[in-house]
file run-v1.txt (compact mmCIF, N, CA and C atoms)
# COMPACT_ATOMS: atom_id res chain seq x y z
N MET A 1 -144.53 -75.37 11.56
CA MET A 1 -143.45 -74.44 11.28
C MET A 1 -142.40 -75.13 10.41
N GLU A 2 -142.00 -74.45 9.35
CA GLU A 2 -140.99 -74.97 8.45
C GLU A 2 -139.62 -74.80 9.10
N LYS A 3 -138.84 -75.87 9.14
CA LYS A 3 -137.53 -75.83 9.80
C LYS A 3 -136.44 -75.60 8.76
N ILE A 4 -136.16 -74.32 8.51
CA ILE A 4 -135.16 -73.93 7.54
C ILE A 4 -134.18 -72.99 8.23
N ILE A 5 -132.90 -73.20 7.97
CA ILE A 5 -131.89 -72.26 8.44
C ILE A 5 -131.66 -71.25 7.32
N ARG A 6 -131.86 -69.99 7.62
CA ARG A 6 -131.67 -68.94 6.63
C ARG A 6 -130.33 -68.24 6.87
N VAL A 7 -129.79 -67.66 5.81
CA VAL A 7 -128.55 -66.90 5.93
C VAL A 7 -128.87 -65.43 5.69
N GLY A 8 -128.61 -64.62 6.69
CA GLY A 8 -128.83 -63.18 6.59
C GLY A 8 -127.50 -62.45 6.46
N ILE A 9 -127.49 -61.43 5.63
CA ILE A 9 -126.28 -60.63 5.42
C ILE A 9 -126.57 -59.19 5.81
N GLY A 10 -125.78 -58.65 6.72
CA GLY A 10 -125.86 -57.23 7.05
C GLY A 10 -124.80 -56.48 6.26
N SER A 11 -125.20 -55.41 5.59
CA SER A 11 -124.29 -54.63 4.74
C SER A 11 -124.05 -53.26 5.37
N PHE A 12 -123.11 -53.18 6.28
CA PHE A 12 -122.79 -51.92 6.95
C PHE A 12 -121.96 -51.05 6.01
N ALA A 13 -122.51 -49.93 5.56
CA ALA A 13 -121.76 -48.98 4.73
C ALA A 13 -121.05 -48.00 5.67
N VAL A 14 -119.74 -47.85 5.48
CA VAL A 14 -118.92 -47.02 6.36
C VAL A 14 -118.33 -45.86 5.57
N LYS A 15 -118.56 -44.63 6.07
CA LYS A 15 -118.06 -43.44 5.37
C LYS A 15 -117.77 -42.32 6.39
N ASP A 16 -116.58 -41.78 6.33
CA ASP A 16 -116.21 -40.63 7.18
C ASP A 16 -116.50 -40.88 8.66
N GLY A 17 -116.19 -42.08 9.14
CA GLY A 17 -116.38 -42.40 10.55
C GLY A 17 -117.82 -42.65 10.96
N LYS A 18 -118.71 -42.76 10.00
CA LYS A 18 -120.13 -43.00 10.29
C LYS A 18 -120.60 -44.26 9.55
N ILE A 19 -121.71 -44.81 10.03
CA ILE A 19 -122.28 -46.02 9.46
C ILE A 19 -123.72 -45.74 9.05
N LEU A 20 -124.07 -46.21 7.87
CA LEU A 20 -125.44 -46.03 7.38
C LEU A 20 -126.37 -46.95 8.15
N TYR A 21 -127.42 -46.35 8.71
CA TYR A 21 -128.29 -47.09 9.61
C TYR A 21 -129.73 -46.65 9.38
N GLY A 22 -130.67 -47.59 9.51
CA GLY A 22 -132.06 -47.27 9.23
C GLY A 22 -133.03 -47.80 10.27
N LEU A 23 -134.20 -47.18 10.32
CA LEU A 23 -135.28 -47.60 11.22
C LEU A 23 -136.26 -48.45 10.43
N ARG A 24 -136.39 -49.71 10.85
CA ARG A 24 -137.19 -50.70 10.12
C ARG A 24 -138.69 -50.52 10.36
N LYS A 25 -139.47 -50.79 9.31
CA LYS A 25 -140.93 -50.77 9.40
C LYS A 25 -141.53 -52.14 9.11
N SER A 26 -140.74 -53.02 8.52
CA SER A 26 -141.30 -54.32 8.12
C SER A 26 -141.54 -55.20 9.34
N LYS A 27 -142.33 -56.23 9.17
CA LYS A 27 -142.73 -57.12 10.25
C LYS A 27 -141.52 -57.68 11.01
N HIS A 28 -140.51 -58.12 10.28
CA HIS A 28 -139.31 -58.70 10.89
C HIS A 28 -138.41 -57.56 11.38
N GLY A 29 -138.46 -57.27 12.67
CA GLY A 29 -137.63 -56.22 13.24
C GLY A 29 -138.27 -54.84 13.26
N GLU A 30 -139.57 -54.78 13.18
CA GLU A 30 -140.26 -53.48 13.15
C GLU A 30 -139.88 -52.64 14.36
N GLY A 31 -139.57 -51.36 14.10
CA GLY A 31 -139.22 -50.44 15.17
C GLY A 31 -137.78 -50.54 15.63
N LYS A 32 -137.00 -51.37 15.00
CA LYS A 32 -135.59 -51.55 15.35
C LYS A 32 -134.70 -50.90 14.30
N TYR A 33 -133.50 -50.56 14.71
CA TYR A 33 -132.51 -49.97 13.80
C TYR A 33 -131.58 -51.05 13.27
N SER A 34 -131.20 -50.90 11.99
CA SER A 34 -130.30 -51.88 11.38
C SER A 34 -129.63 -51.30 10.15
N PRO A 35 -128.57 -51.97 9.69
CA PRO A 35 -127.97 -51.59 8.41
C PRO A 35 -128.80 -52.18 7.28
N PRO A 36 -128.49 -51.84 6.04
CA PRO A 36 -129.11 -52.56 4.92
C PRO A 36 -128.75 -54.05 5.06
N GLY A 37 -129.57 -54.89 4.49
CA GLY A 37 -129.27 -56.32 4.54
C GLY A 37 -130.43 -57.16 4.07
N GLY A 38 -130.19 -58.44 4.00
CA GLY A 38 -131.23 -59.36 3.56
C GLY A 38 -130.70 -60.77 3.45
N HIS A 39 -131.41 -61.58 2.70
CA HIS A 39 -131.09 -63.00 2.58
C HIS A 39 -130.11 -63.30 1.45
N LEU A 40 -129.21 -64.21 1.73
CA LEU A 40 -128.31 -64.74 0.72
C LEU A 40 -129.13 -65.59 -0.24
N GLU A 41 -128.98 -65.34 -1.53
CA GLU A 41 -129.71 -66.11 -2.53
C GLU A 41 -128.86 -67.28 -3.02
N TYR A 42 -129.54 -68.32 -3.48
CA TYR A 42 -128.85 -69.52 -3.95
C TYR A 42 -127.83 -69.17 -5.02
N GLY A 43 -126.61 -69.67 -4.87
CA GLY A 43 -125.55 -69.46 -5.85
C GLY A 43 -124.81 -68.14 -5.70
N GLU A 44 -125.20 -67.33 -4.73
CA GLU A 44 -124.63 -66.00 -4.55
C GLU A 44 -123.50 -66.05 -3.51
N THR A 45 -122.43 -65.27 -3.73
CA THR A 45 -121.40 -65.16 -2.71
C THR A 45 -121.85 -64.16 -1.65
N ILE A 46 -121.19 -64.20 -0.50
CA ILE A 46 -121.51 -63.26 0.56
C ILE A 46 -121.31 -61.83 0.07
N GLU A 47 -120.21 -61.60 -0.64
CA GLU A 47 -119.91 -60.26 -1.14
C GLU A 47 -120.94 -59.80 -2.17
N GLU A 48 -121.36 -60.70 -3.05
CA GLU A 48 -122.40 -60.35 -4.03
C GLU A 48 -123.69 -59.95 -3.33
N CYS A 49 -124.05 -60.70 -2.31
CA CYS A 49 -125.27 -60.40 -1.56
C CYS A 49 -125.16 -59.04 -0.86
N ALA A 50 -124.02 -58.77 -0.25
CA ALA A 50 -123.84 -57.49 0.45
C ALA A 50 -123.98 -56.32 -0.50
N VAL A 51 -123.37 -56.43 -1.68
CA VAL A 51 -123.44 -55.37 -2.69
C VAL A 51 -124.87 -55.22 -3.21
N ARG A 52 -125.53 -56.34 -3.48
CA ARG A 52 -126.91 -56.32 -4.00
C ARG A 52 -127.86 -55.68 -2.98
N GLU A 53 -127.78 -56.12 -1.73
CA GLU A 53 -128.68 -55.58 -0.71
C GLU A 53 -128.45 -54.09 -0.48
N LEU A 54 -127.18 -53.68 -0.49
CA LEU A 54 -126.89 -52.25 -0.34
C LEU A 54 -127.57 -51.46 -1.45
N TYR A 55 -127.45 -51.93 -2.68
CA TYR A 55 -128.06 -51.23 -3.81
C TYR A 55 -129.59 -51.27 -3.74
N GLU A 56 -130.16 -52.45 -3.49
CA GLU A 56 -131.62 -52.58 -3.48
C GLU A 56 -132.29 -51.68 -2.44
N GLU A 57 -131.62 -51.49 -1.31
CA GLU A 57 -132.23 -50.73 -0.22
C GLU A 57 -131.85 -49.25 -0.20
N THR A 58 -130.69 -48.91 -0.80
CA THR A 58 -130.20 -47.53 -0.67
C THR A 58 -129.90 -46.84 -1.99
N GLY A 59 -129.77 -47.60 -3.07
CA GLY A 59 -129.36 -47.02 -4.35
C GLY A 59 -127.86 -46.82 -4.45
N LEU A 60 -127.11 -47.14 -3.38
CA LEU A 60 -125.65 -46.98 -3.40
C LEU A 60 -125.02 -48.16 -4.15
N ILE A 61 -123.96 -47.87 -4.88
CA ILE A 61 -123.31 -48.86 -5.73
C ILE A 61 -121.93 -49.18 -5.15
N ALA A 62 -121.67 -50.46 -4.93
CA ALA A 62 -120.38 -50.91 -4.40
C ALA A 62 -119.85 -52.05 -5.25
N GLN A 63 -118.59 -52.35 -5.05
CA GLN A 63 -117.97 -53.48 -5.73
C GLN A 63 -117.60 -54.52 -4.68
N GLU A 64 -117.62 -55.77 -5.10
CA GLU A 64 -117.33 -56.87 -4.18
C GLU A 64 -115.96 -56.73 -3.52
N LYS A 65 -114.98 -56.19 -4.23
CA LYS A 65 -113.63 -56.05 -3.67
C LYS A 65 -113.59 -55.09 -2.47
N ASN A 66 -114.63 -54.29 -2.29
CA ASN A 66 -114.69 -53.35 -1.17
C ASN A 66 -115.55 -53.84 -0.01
N VAL A 67 -115.87 -55.14 -0.03
CA VAL A 67 -116.67 -55.75 1.04
C VAL A 67 -115.74 -56.52 1.97
N ILE A 68 -115.80 -56.19 3.25
CA ILE A 68 -115.03 -56.90 4.27
C ILE A 68 -116.01 -57.74 5.08
N VAL A 69 -115.77 -59.04 5.14
CA VAL A 69 -116.63 -59.94 5.92
C VAL A 69 -116.02 -60.04 7.31
N TYR A 70 -116.82 -59.70 8.32
CA TYR A 70 -116.32 -59.74 9.69
C TYR A 70 -117.46 -60.16 10.61
N GLY A 71 -117.40 -61.36 11.09
CA GLY A 71 -118.34 -61.78 12.11
C GLY A 71 -119.50 -62.61 11.61
N THR A 72 -119.68 -63.74 12.27
CA THR A 72 -120.83 -64.60 12.00
C THR A 72 -121.54 -64.91 13.31
N LEU A 73 -122.84 -65.07 13.22
CA LEU A 73 -123.65 -65.37 14.38
C LEU A 73 -124.62 -66.49 14.04
N ASN A 74 -124.76 -67.45 14.94
CA ASN A 74 -125.74 -68.52 14.81
C ASN A 74 -126.88 -68.16 15.76
N GLU A 75 -128.01 -67.73 15.21
CA GLU A 75 -129.07 -67.18 16.05
C GLU A 75 -130.38 -67.95 15.91
N ILE A 76 -130.86 -68.42 17.05
CA ILE A 76 -132.16 -69.07 17.10
C ILE A 76 -133.08 -68.11 17.85
N TYR A 77 -134.10 -67.66 17.19
CA TYR A 77 -135.00 -66.65 17.75
C TYR A 77 -135.92 -67.28 18.80
N PRO A 78 -136.48 -66.44 19.69
CA PRO A 78 -137.37 -66.94 20.74
C PRO A 78 -138.45 -67.87 20.19
N ASN A 79 -138.79 -68.86 20.96
CA ASN A 79 -139.81 -69.86 20.61
C ASN A 79 -139.43 -70.65 19.36
N ASN A 80 -138.13 -70.66 19.01
CA ASN A 80 -137.66 -71.39 17.82
C ASN A 80 -138.39 -70.98 16.55
N GLU A 81 -138.88 -69.72 16.50
CA GLU A 81 -139.65 -69.28 15.34
C GLU A 81 -138.79 -69.13 14.09
N LYS A 82 -137.50 -68.80 14.28
CA LYS A 82 -136.59 -68.63 13.14
C LYS A 82 -135.19 -69.04 13.57
N HIS A 83 -134.43 -69.52 12.59
CA HIS A 83 -133.03 -69.87 12.83
C HIS A 83 -132.22 -69.25 11.70
N TYR A 84 -131.27 -68.40 12.08
CA TYR A 84 -130.46 -67.67 11.10
C TYR A 84 -128.98 -67.86 11.37
N ILE A 85 -128.22 -67.92 10.30
CA ILE A 85 -126.79 -67.67 10.33
C ILE A 85 -126.66 -66.25 9.79
N ASN A 86 -126.24 -65.33 10.62
CA ASN A 86 -126.11 -63.93 10.21
C ASN A 86 -124.64 -63.58 10.03
N ILE A 87 -124.34 -62.98 8.90
CA ILE A 87 -122.97 -62.60 8.55
C ILE A 87 -122.93 -61.09 8.37
N SER A 88 -122.01 -60.46 9.09
CA SER A 88 -121.86 -59.01 8.98
C SER A 88 -120.78 -58.67 7.97
N THR A 89 -121.09 -57.72 7.10
CA THR A 89 -120.12 -57.23 6.13
C THR A 89 -120.02 -55.72 6.27
N PHE A 90 -118.85 -55.21 5.89
CA PHE A 90 -118.59 -53.78 5.99
C PHE A 90 -118.08 -53.31 4.65
N ILE A 91 -118.75 -52.31 4.11
CA ILE A 91 -118.45 -51.80 2.77
C ILE A 91 -117.84 -50.41 2.92
N THR A 92 -116.61 -50.28 2.45
CA THR A 92 -115.85 -49.06 2.72
C THR A 92 -115.80 -48.09 1.55
N GLU A 93 -116.19 -48.55 0.36
CA GLU A 93 -116.22 -47.65 -0.80
C GLU A 93 -117.48 -47.91 -1.60
N PHE A 94 -118.14 -46.83 -1.98
CA PHE A 94 -119.38 -46.94 -2.75
C PHE A 94 -119.64 -45.59 -3.40
N THR A 95 -120.50 -45.59 -4.38
CA THR A 95 -120.87 -44.35 -5.08
C THR A 95 -122.39 -44.28 -5.16
N GLY A 96 -122.88 -43.17 -5.68
CA GLY A 96 -124.32 -43.01 -5.87
C GLY A 96 -124.92 -42.08 -4.85
N GLU A 97 -126.21 -41.84 -5.06
CA GLU A 97 -126.97 -40.96 -4.17
C GLU A 97 -127.82 -41.81 -3.24
N LEU A 98 -127.72 -41.56 -1.95
CA LEU A 98 -128.48 -42.30 -0.96
C LEU A 98 -129.97 -42.02 -1.11
N LYS A 99 -130.76 -43.10 -1.21
CA LYS A 99 -132.22 -43.01 -1.31
C LYS A 99 -132.84 -44.10 -0.44
N ASN A 100 -134.06 -43.89 -0.02
CA ASN A 100 -134.81 -44.95 0.64
C ASN A 100 -135.56 -45.69 -0.46
N MET A 101 -134.98 -46.79 -0.94
CA MET A 101 -135.53 -47.54 -2.07
C MET A 101 -136.71 -48.43 -1.67
N GLU A 102 -136.89 -48.67 -0.37
CA GLU A 102 -137.97 -49.53 0.11
C GLU A 102 -138.74 -48.83 1.24
N PRO A 103 -139.45 -47.75 0.91
CA PRO A 103 -140.13 -46.98 1.95
C PRO A 103 -141.22 -47.76 2.69
N ASP A 104 -141.68 -48.86 2.11
CA ASP A 104 -142.65 -49.70 2.81
C ASP A 104 -141.99 -50.53 3.91
N LYS A 105 -140.65 -50.68 3.85
CA LYS A 105 -139.93 -51.49 4.83
C LYS A 105 -139.05 -50.67 5.77
N LEU A 106 -138.82 -49.40 5.40
CA LEU A 106 -137.86 -48.60 6.16
C LEU A 106 -138.37 -47.17 6.32
N GLU A 107 -138.28 -46.67 7.55
CA GLU A 107 -138.71 -45.30 7.84
C GLU A 107 -137.72 -44.28 7.27
N LYS A 108 -136.43 -44.48 7.56
CA LYS A 108 -135.42 -43.50 7.12
C LYS A 108 -134.02 -44.09 7.24
N TRP A 109 -133.09 -43.49 6.49
CA TRP A 109 -131.66 -43.78 6.62
C TRP A 109 -131.00 -42.61 7.32
N GLU A 110 -129.98 -42.89 8.11
CA GLU A 110 -129.17 -41.84 8.71
C GLU A 110 -127.76 -42.37 8.94
N TRP A 111 -126.82 -41.46 9.08
CA TRP A 111 -125.42 -41.81 9.34
C TRP A 111 -125.16 -41.65 10.83
N LEU A 112 -124.73 -42.74 11.49
CA LEU A 112 -124.46 -42.74 12.92
C LEU A 112 -123.05 -43.23 13.20
N SER A 113 -122.48 -42.77 14.30
CA SER A 113 -121.19 -43.30 14.74
C SER A 113 -121.42 -44.69 15.36
N TRP A 114 -120.35 -45.47 15.46
CA TRP A 114 -120.46 -46.79 16.08
C TRP A 114 -120.90 -46.63 17.54
N GLU A 115 -120.41 -45.61 18.22
CA GLU A 115 -120.80 -45.36 19.61
C GLU A 115 -122.30 -45.08 19.71
N GLU A 116 -122.84 -44.32 18.77
CA GLU A 116 -124.29 -44.04 18.78
C GLU A 116 -125.08 -45.33 18.57
N ILE A 117 -124.58 -46.20 17.70
CA ILE A 117 -125.26 -47.47 17.45
C ILE A 117 -125.23 -48.33 18.70
N ILE A 118 -124.09 -48.41 19.35
CA ILE A 118 -123.99 -49.19 20.60
C ILE A 118 -124.97 -48.65 21.63
N LYS A 119 -125.08 -47.33 21.76
CA LYS A 119 -125.96 -46.71 22.75
C LYS A 119 -127.44 -46.97 22.47
N LEU A 120 -127.78 -47.35 21.24
CA LEU A 120 -129.19 -47.67 20.95
C LEU A 120 -129.64 -48.92 21.70
N GLY A 121 -128.70 -49.76 22.12
CA GLY A 121 -129.02 -50.94 22.93
C GLY A 121 -130.06 -51.83 22.28
N ASP A 122 -131.17 -52.07 23.01
CA ASP A 122 -132.19 -52.99 22.49
C ASP A 122 -133.07 -52.37 21.40
N LYS A 123 -132.78 -51.13 21.02
CA LYS A 123 -133.46 -50.55 19.85
C LYS A 123 -132.81 -51.03 18.56
N ASN A 124 -131.64 -51.68 18.69
CA ASN A 124 -130.98 -52.29 17.54
C ASN A 124 -131.68 -53.59 17.17
N PHE A 125 -131.68 -53.90 15.88
CA PHE A 125 -132.15 -55.19 15.38
C PHE A 125 -131.35 -56.28 16.08
N LEU A 126 -131.99 -57.39 16.45
CA LEU A 126 -131.36 -58.43 17.26
C LEU A 126 -129.99 -58.88 16.74
N PRO A 127 -129.80 -59.11 15.43
CA PRO A 127 -128.46 -59.50 14.98
C PRO A 127 -127.39 -58.45 15.29
N VAL A 128 -127.74 -57.18 15.27
CA VAL A 128 -126.77 -56.13 15.60
C VAL A 128 -126.46 -56.17 17.10
N GLN A 129 -127.48 -56.33 17.93
CA GLN A 129 -127.26 -56.46 19.37
C GLN A 129 -126.30 -57.60 19.66
N ASN A 130 -126.55 -58.74 19.01
CA ASN A 130 -125.71 -59.91 19.24
C ASN A 130 -124.30 -59.72 18.70
N PHE A 131 -124.15 -59.02 17.58
CA PHE A 131 -122.83 -58.72 17.02
C PHE A 131 -122.03 -57.87 18.02
N ILE A 132 -122.65 -56.84 18.55
CA ILE A 132 -121.98 -55.95 19.51
C ILE A 132 -121.54 -56.73 20.74
N GLU A 133 -122.39 -57.63 21.20
CA GLU A 133 -122.07 -58.45 22.37
C GLU A 133 -120.91 -59.40 22.08
N LYS A 134 -120.91 -60.02 20.91
CA LYS A 134 -119.88 -61.01 20.56
C LYS A 134 -118.54 -60.35 20.23
N TYR A 135 -118.57 -59.16 19.65
CA TYR A 135 -117.35 -58.47 19.22
C TYR A 135 -117.26 -57.08 19.88
N PRO A 136 -117.11 -57.04 21.22
CA PRO A 136 -117.19 -55.75 21.92
C PRO A 136 -116.06 -54.77 21.59
N ASP A 137 -114.93 -55.25 21.13
CA ASP A 137 -113.80 -54.36 20.85
C ASP A 137 -113.72 -53.95 19.39
N PHE A 138 -114.64 -54.42 18.58
CA PHE A 138 -114.60 -54.12 17.15
C PHE A 138 -115.20 -52.74 16.89
N ASP A 139 -114.55 -51.98 16.03
CA ASP A 139 -115.07 -50.67 15.61
C ASP A 139 -114.95 -50.59 14.09
N PRO A 140 -116.07 -50.72 13.39
CA PRO A 140 -116.02 -50.74 11.92
C PRO A 140 -115.53 -49.44 11.29
N THR A 141 -115.54 -48.36 12.04
CA THR A 141 -115.06 -47.11 11.47
C THR A 141 -113.53 -47.06 11.42
N LYS A 142 -112.89 -48.08 11.97
CA LYS A 142 -111.42 -48.13 11.98
C LYS A 142 -110.87 -49.16 10.99
N ILE A 143 -111.71 -49.69 10.12
CA ILE A 143 -111.22 -50.69 9.16
C ILE A 143 -110.77 -50.03 7.87

call {"tool": "encode", "arguments": {"input": "run-v1.txt", "output": "structure tokens"}}
result
Amino acid sequence: MEKIIRVGIGSFAVKDGKILYGLRKSKHGEGKYSPPGGHLEYGETIEECAVRELYEETGLIAQEKNVIVYGTLNEIYPNNEKHYINISTFITEFTGELKNMEPDKLEKWEWLSWEEIIKLGDKNFLPVQNFIEKYPDFDPTKI
């Protein structure tokens, strides 16, 4: 097993009190719900990655100035199979038409309230579960 620490960025898009959320189909997190997101690329800022991942997965266009970085998690997955530093970002302004740009990796996008996301419990992607546990009083729809 290759011992690499990866950096994952979650790009929570927030609009009208709802958060863009999707059901994953890819091997990593299959059957779990999560926001758009992916890996930080070499030389990229957190905000650049959040904007890029939002666009690549949804077709929505955002600017770095509208990205709020809130929350980091140091996560070692069961059996030490993966080690991630996960950073949550919240994007409050964006344009474009919502599309499923990666249908091979995602079943569907939908808009959910933060309460609905919390109620999903273990149906959430592990980094989201851990974020909710670490920041129980945080509500991204109030930023």

call {"tool": "residues_around", "arguments": {"input": "run-v1.txt", "residues": "stretch 119-123 of chain A", "least_positions_apart": "6", "cutoff": "8 Å", "atoms": "all atoms listed in the file", "output": "list in words"}}
result
Gly31, Lys32, Tyr33, Ser34, Ser113 and Gln129 of chain A

call {"tool": "atom_distance", "arguments": {"input": "run-v1.txt", "atom1": "atom CA of A:Ile117", "atom2": "atom C of A:Gly38"}}
result
20.1 Å

call {"tool": "closest_residue", "arguments": {"input": "run-v1.txt", "among": "A:Lys27, A:Lys3, A:Lys105, A:Lys65", "to": "A:Thr92", "atoms": "all atoms listed in the file"}}
result
A:Lys65

call {"tool": "residues_around", "arguments": {"input": "run-v1.txt", "residues": "A:Asn100", "least_positions_apart": "4", "cutoff": "8 Å", "atoms": "all atoms listed in the file", "output": "PDB file with N, CA and C atoms, keeping the file's coordinate frame"}}
result
ATOM      1  N   GLU A  56    -130.160 -52.450  -3.490  1.00  0.00           N
ATOM      2  CA  GLU A  56    -131.620 -52.580  -3.480  1.00  0.00           C
ATOM      3  C   GLU A  56    -132.290 -51.680  -2.440  1.00  0.00           C
ATOM      4  N   GLU A  57    -131.620 -51.490  -1.310  1.00  0.00           N
ATOM      5  CA  GLU A  57    -132.230 -50.730  -0.220  1.00  0.00           C
ATOM      6  C   GLU A  57    -131.850 -49.250  -0.200  1.00  0.00           C
ATOM      7  N   THR A  58    -130.690 -48.910  -0.800  1.00  0.00           N
ATOM      8  CA  THR A  58    -130.200 -47.530  -0.670  1.00  0.00           C
ATOM      9  C   THR A  58    -129.900 -46.840  -1.990  1.00  0.00           C
ATOM     10  N   GLY A  59    -129.770 -47.600  -3.070  1.00  0.00           N
ATOM     11  CA  GLY A  59    -129.360 -47.020  -4.350  1.00  0.00           C
ATOM     12  C   GLY A  59    -127.860 -46.820  -4.450  1.00  0.00           C
ATOM     13  N   ASP A 104    -141.680 -48.860   2.110  1.00  0.00           N
ATOM     14  CA  ASP A 104    -142.650 -49.700   2.810  1.00  0.00           C
ATOM     15  C   ASP A 104    -141.990 -50.530   3.910  1.00  0.00           C
ATOM     16  N   LEU A 106    -138.820 -49.400   5.400  1.00  0.00           N
ATOM     17  CA  LEU A 106    -137.860 -48.600   6.160  1.00  0.00           C
ATOM     18  C   LEU A 106    -138.370 -47.170   6.320  1.00  0.00           C
ATOM     19  N   GLU A 107    -138.280 -46.670   7.550  1.00  0.00           N
ATOM     20  CA  GLU A 107    -138.710 -45.300   7.840  1.00  0.00           C
ATOM     21  C   GLU A 107    -137.720 -44.280   7.270  1.00  0.00           C
ATOM     22  N   LYS A 108    -136.430 -44.480   7.560  1.00  0.00           N
ATOM     23  CA  LYS A 108    -135.420 -43.500   7.120  1.00  0.00           C
ATOM     24  C   LYS A 108    -134.020 -44.090   7.240  1.00  0.00           C
ATOM     25  N   TRP A 109    -133.090 -43.490   6.490  1.00  0.00           N
ATOM     26  CA  TRP A 109    -131.660 -43.780   6.620  1.00  0.00           C
ATOM     27  C   TRP A 109    -131.000 -42.610   7.320  1.00  0.00           C
TER      28      TRP A 109
END

call {"tool": "closest_residue", "arguments": {"input": "run-v1.txt", "among": "A:Ile132, A:Leu20, A:Ile143, A:Leu112", "to": "A:Gly37", "atoms": "only C-alpha atoms"}}
result
A:Leu20

call {"tool": "residues_around", "arguments": {"input": "run-v1.txt", "residues": "A:Trp111", "least_positions_apart": "4", "cutoff": "8 Å", "atoms": "only C-alpha atoms", "output": "ChimeraX atom specification"}}
result
/A:18-21

call {"tool": "write_last_selection", "arguments": {"input": "run-v1.txt", "atoms": "N, CA and C atoms", "output": "PDB file, in the coordinates of the input"}}
result
ATOM      1  N   LYS A  18    -118.710 -42.760  10.000  1.00  0.00           N
ATOM      2  CA  LYS A  18    -120.130 -43.000  10.290  1.00  0.00           C
ATOM      3  C   LYS A  18    -120.600 -44.260   9.550  1.00  0.00           C
ATOM      4  N   ILE A  19    -121.710 -44.810  10.030  1.00  0.00           N
ATOM      5  CA  ILE A  19    -122.280 -46.020   9.460  1.00  0.00           C
ATOM      6  C   ILE A  19    -123.720 -45.740   9.050  1.00  0.00           C
ATOM      7  N   LEU A  20    -124.070 -46.210   7.870  1.00  0.00           N
ATOM      8  CA  LEU A  20    -125.440 -46.030   7.380  1.00  0.00           C
ATOM      9  C   LEU A  20    -126.370 -46.950   8.150  1.00  0.00           C
ATOM     10  N   TYR A  21    -127.420 -46.350   8.710  1.00  0.00           N
ATOM     11  CA  TYR A  21    -128.290 -47.090   9.610  1.00  0.00           C
ATOM     12  C   TYR A  21    -129.730 -46.650   9.380  1.00  0.00           C
TER      13      TYR A  21
END

call {"tool": "atom_distance", "arguments": {"input": "run-v1.txt", "atom1": "atom CA of A:Tyr70", "atom2": "atom N of A:Glu116"}}
result
19.0 Å

call {"tool": "residues_around", "arguments": {"input": "run-v1.txt", "residues": "A:Glu133", "least_positions_apart": "4", "cutoff": "12 Å", "atoms": "only C-alpha atoms", "output": "number ranges by chain"}}
result
A: 71, 73, 118, 121-122, 124, 126-129, 137-138

call {"tool": "residues_around", "arguments": {"input": "run-v1.txt", "residues": "stretch 74-82 of chain A", "least_positions_apart": "5", "cutoff": "7 Å", "atoms": "only N, CA and C atoms", "output": "ChimeraX atom specification"}}
result
/A:4-6

call {"tool": "write_last_selection", "arguments": {"input": "run-v1.txt", "atoms": "N, CA and C atoms", "output": "tab-separated table (two decimals), keeping the file's coordinate frame"}}
result
chain	number	residue	atom	x	y	z
A	4	ILE	N	-136.16	-74.32	8.51
A	4	ILE	CA	-135.16	-73.93	7.54
A	4	ILE	C	-134.18	-72.99	8.23
A	5	ILE	N	-132.90	-73.20	7.97
A	5	ILE	CA	-131.89	-72.26	8.44
A	5	ILE	C	-131.66	-71.25	7.32
A	6	ARG	N	-131.86	-69.99	7.62
A	6	ARG	CA	-131.67	-68.94	6.63
A	6	ARG	C	-130.33	-68.24	6.87

call {"tool": "select_by_dssp", "arguments": {"input": "run-v1.txt", "residues": "chain A", "states": "strand (DSSP E)", "output": "ChimeraX atom specification"}}
result
/A:5-15,18-24,33-34,37-39,61-62,67-76,83-91,94-95,106-112

call {"tool": "atom_distance", "arguments": {"input": "run-v1.txt", "atom1": "atom N of A:Phe90", "atom2": "atom C of A:Lys15"}}
result
12.9 Å

call {"tool": "closest_residue", "arguments": {"input": "run-v1.txt", "among": "A:Met101, A:Leu54, A:Leu40, A:Ile9", "to": "A:Thr89", "atoms": "all atoms listed in the file"}}
result
A:Ile9
